[in-house]
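Take a look at the structure set out below.
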Amino acid sequence: MNGTTLAMKRTLARLRGRRLWTVLGLSTVLAALPVADRVAAARAEARLADRIAHRQSAVVGTPQVRIDAFPFLLSAAEGTFSRVEVRADAVTGEGRPVQAAVELRDVREEAGGYTAARADARFTAPFGSLVTGLGPDASLSAAGSRQVRMDRVVLGLPLSVTAELRLSGRTVTMVPVAASFAGRQIDPADPRIAQVFAGRERAVPELPAGLGPTDVSVTGAGVTLHARGDDVRLDRDPSGTV
């Protein structure tokens with residue numbers, strides 16, 4: 001083997017070695033990108049959760065925020081996010097606990113803040129917070145997608161009333177539609193039944209970000225008020241951060 005051939009082999013070996021290290025380096029960088037992207041998203045979610053907690057006095061504790069954008073860094077640079085989800089525990093002005101879930105769609109950066117093309121929200125009050133005034137030992141449970149069932153004892157005998165929840169404008173009412181006493185069906189329009197539900201109308205308070213009520217429903221978790229808003233304005237944090 002002459003010297004020229006040996007030199008060429010050594011050169012090729014060095015080139016292969018450099019190529020291998022280049023491939024390994026690129027692989028490491030590419031593998032790290034999703035991690036770095038998720039870390040940046042998590043930091044932005046934490047900042048947003050902290051800001052919501054400080055700006056919304058009704059919120060209890062720290063909300064859970066998820067920004068649905070990948071790659072996040074690109075979306076942040078463009079100032080647009082396809083979806084932002086917020087979940088939080090809160091209390092009403094009357095001190096009733098509420099679980100809030102808000103989904104913002106097509107969030108975009110604008111001068112002085114952000115705008116969401118659409119916002120859908122659910123505010124769920126557990127049954128335990130709604131029984132006040134229904135009588136001693138009263139309990140509520142789901143009886144349908146828009147109906148609740150009240151059970152209590154009257155004169156030592158069981159009374160059961162099914163009421164339908166209705167939303168009219170910004171007012172929620174409970175209208176008795178079926179009742180039984182001691183296992184026998186009775187007229188839900190009976191004045192004694194009506195008296196139990198008298199004054200059960202509830203005016204929907206002002207909702208955050210200008211959302212308006214659209215529906216009311218019932219699940220095993222409680223009574224849910226649905227709300228929606230279009231072109232919802234979100235003020236920017238004074239620091240200018242996401």
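Lettering and numbering for the structure tokens are positional, with chains as A, B, ... in the shown order, residues counted from 1 in each chain, and ligands counted from 1 in the shown order.
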
(Q) Just want the 10 Å neighbourhood of stretch 45-55 of chain A, counted on only C-alpha atoms, with same-chain residues fewer than 4 positions away dropped. Output as a list in words. (A) Val39, Ala40, Ala41, Val59, Val60, Gly61, Thr62, Pro63, Gln64, Val65, Arg66, Ile67, Val84, Glu85, Val86, Arg87, Ala88, Ala90, Arg236, Asp237, Thr241 and Val242 of chain A

Mind writing the picked residues with N, CA and C atoms as a compact mmCIF listing (two decimals), in the first residue's frame?
```txt
# COMPACT_ATOMS: atom_id res chain seq x y z
N VAL A 39 -41.33 23.31 27.23
CA VAL A 39 -40.91 24.09 28.40
C VAL A 39 -41.36 25.54 28.24
N ALA A 40 -41.14 26.11 27.04
CA ALA A 40 -41.57 27.49 26.79
C ALA A 40 -43.08 27.63 26.93
N ALA A 41 -43.83 26.63 26.42
CA ALA A 41 -45.29 26.67 26.53
C ALA A 41 -45.72 26.59 27.99
N VAL A 59 -61.81 33.89 41.37
CA VAL A 59 -61.05 32.66 41.20
C VAL A 59 -60.41 32.25 42.52
N VAL A 60 -60.50 30.95 42.82
CA VAL A 60 -59.90 30.40 44.04
C VAL A 60 -58.69 29.55 43.63
N GLY A 61 -57.53 29.85 44.20
CA GLY A 61 -56.34 29.08 43.86
C GLY A 61 -55.80 29.47 42.49
N THR A 62 -55.01 28.58 41.92
CA THR A 62 -54.38 28.83 40.62
C THR A 62 -55.10 28.05 39.53
N PRO A 63 -55.53 28.72 38.46
CA PRO A 63 -56.22 28.03 37.37
C PRO A 63 -55.28 27.07 36.63
N GLN A 64 -55.87 26.17 35.89
CA GLN A 64 -55.12 25.30 34.99
C GLN A 64 -55.26 25.84 33.57
N VAL A 65 -54.13 26.10 32.92
CA VAL A 65 -54.15 26.70 31.58
C VAL A 65 -53.39 25.79 30.62
N ARG A 66 -53.94 25.59 29.45
CA ARG A 66 -53.25 24.83 28.40
C ARG A 66 -53.34 25.60 27.09
N ILE A 67 -52.17 25.88 26.52
CA ILE A 67 -52.10 26.54 25.22
C ILE A 67 -51.86 25.47 24.17
N VAL A 84 -56.81 28.00 23.49
CA VAL A 84 -56.33 28.16 24.86
C VAL A 84 -57.45 27.69 25.79
N GLU A 85 -57.14 26.75 26.68
CA GLU A 85 -58.13 26.22 27.61
C GLU A 85 -57.79 26.66 29.03
N VAL A 86 -58.82 27.08 29.77
CA VAL A 86 -58.64 27.52 31.15
C VAL A 86 -59.67 26.81 32.02
N ARG A 87 -59.21 26.22 33.11
CA ARG A 87 -60.09 25.61 34.09
C ARG A 87 -59.76 26.19 35.46
N ALA A 88 -60.80 26.56 36.21
CA ALA A 88 -60.55 27.21 37.49
C ALA A 88 -61.70 26.96 38.46
N ALA A 90 -63.95 28.73 41.38
CA ALA A 90 -64.32 30.10 41.70
C ALA A 90 -65.49 30.11 42.66
N ARG A 236 -53.81 42.85 27.60
CA ARG A 236 -52.45 42.40 27.78
C ARG A 236 -51.97 42.72 29.19
N ASP A 237 -51.12 41.88 29.70
CA ASP A 237 -50.46 42.14 30.98
C ASP A 237 -49.56 43.36 30.82
N THR A 241 -45.86 40.50 28.51
CA THR A 241 -45.53 39.09 28.28
C THR A 241 -46.77 38.35 27.81
N VAL A 242 -46.54 37.11 27.33
CA VAL A 242 -47.65 36.29 26.86
C VAL A 242 -48.58 35.97 28.01
```

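The environment of A:Val175 within 9 Å, counting only C-alpha atoms and disregarding residues fewer than 2 places along the same chain, consists of A:Thr162, A:Ala163, A:Glu164, A:Leu165, A:Arg166, A:Thr173, A:Val177, A:Pro188, A:Ala194, A:Phe197.
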
Take the residues just selected and output them with N, CA, C and O atoms as a short mmCIF file (atom, residue, chain, number, x, y, z; two decimals), in the first residue's frame.
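File produced: result18.cif:
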```
data_model
loop_
_atom_site.label_atom_id
_atom_site.label_comp_id
_atom_site.auth_asym_id
_atom_site.auth_seq_id
_atom_site.Cartn_x
_atom_site.Cartn_y
_atom_site.Cartn_z
N THR A 162 -89.47 16.71 40.73
CA THR A 162 -88.59 16.92 39.58
C THR A 162 -88.89 18.28 38.98
O THR A 162 -90.06 18.59 38.69
N ALA A 163 -87.85 19.09 38.83
CA ALA A 163 -88.03 20.44 38.29
C ALA A 163 -87.16 20.62 37.06
O ALA A 163 -86.04 20.10 36.97
N GLU A 164 -87.70 21.36 36.10
CA GLU A 164 -86.97 21.65 34.87
C GLU A 164 -86.32 23.02 34.97
O GLU A 164 -86.96 23.99 35.41
N LEU A 165 -85.05 23.09 34.56
CA LEU A 165 -84.35 24.37 34.57
C LEU A 165 -84.57 25.05 33.23
O LEU A 165 -84.42 24.45 32.17
N ARG A 166 -84.90 26.33 33.29
CA ARG A 166 -85.15 27.09 32.08
C ARG A 166 -84.39 28.41 32.13
O ARG A 166 -84.35 29.08 33.16
N THR A 173 -84.78 29.71 35.95
CA THR A 173 -85.88 29.34 36.84
C THR A 173 -85.97 27.83 36.96
O THR A 173 -85.53 27.09 36.09
N VAL A 177 -92.19 19.81 37.38
CA VAL A 177 -92.89 19.12 36.29
C VAL A 177 -93.42 17.75 36.74
O VAL A 177 -94.22 17.14 36.03
N PRO A 188 -97.71 18.55 40.32
CA PRO A 188 -96.57 19.43 40.56
C PRO A 188 -96.97 20.90 40.68
O PRO A 188 -96.18 21.72 41.17
N ALA A 194 -95.32 24.59 44.80
CA ALA A 194 -94.90 25.89 44.28
C ALA A 194 -94.24 26.72 45.37
O ALA A 194 -93.28 27.47 45.10
N PHE A 197 -90.54 26.05 45.81
CA PHE A 197 -89.67 26.59 44.77
C PHE A 197 -89.85 28.09 44.56
O PHE A 197 -89.27 28.67 43.65
#
```

Q. So, counting only C-alpha atoms, which residue among A:Ala138, A:Ala77, A:Ala69, A:Leu157 is closest to A:Asp106?
A.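 Residue with the minimum atom-to-atom distance to A:Asp106: A:Ala69.
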
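Between A:Val98 and the residues A:Ser82, A:Ser180, A:Gln185, A:Ser129, the shortest atom-to-atom distance, using only C-alpha atoms, involves A:Ser129.
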
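For the pair atom CA of A:Leu234 and atom CA of A:Thr115, the interatomic distance is 5.7 Å.
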
Q) Of the residues A:Gly95, A:Pro191, A:Gly229, A:Gly222, which is the one nearest to A:Ser139, using only C-alpha atoms? A)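 Using only C-alpha atoms, A:Ser139 sits closest to A:Gly222.
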
Q) For A:Gln56, which residue out of A:Leu207, A:Ile186, A:Ala76, A:Val218 is the nearest one, using only C-alpha atoms? A)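 Closest to A:Gln56, using only C-alpha atoms: A:Leu207.
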
Q. Which residue gives the smallest distance to A:Val107 among A:Asp137, A:Asp215, A:Asp187, A:Glu78, with only C-alpha atoms counted?
A.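 Smallest distance to A:Val107 is found for A:Glu78.
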
Q: Apply DSSP to the backbone of this structure and, from stretch 40-227 of chain A, keep only the residues in strand (DSSP E or B); write these as an MDAnalysis selection string.
A: chainID A and resid 59:68 80:91 97:110 113:125 139:142 147:154 157:168 171:181 184:186 202:203 212:219 222:227

Q.
Under the rule that only C-alpha atoms are counted, which of A:Ala125, A:Gly133, A:Arg118, A:Phe181 is the nearest residue to A:Ala227?
A.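 Ranked by minimum distance to A:Ala227, first place goes to A:Arg118.
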
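Going from atom CA of A:Ala121 over to atom CA of A:Ala209, you cover 10.7 Å.
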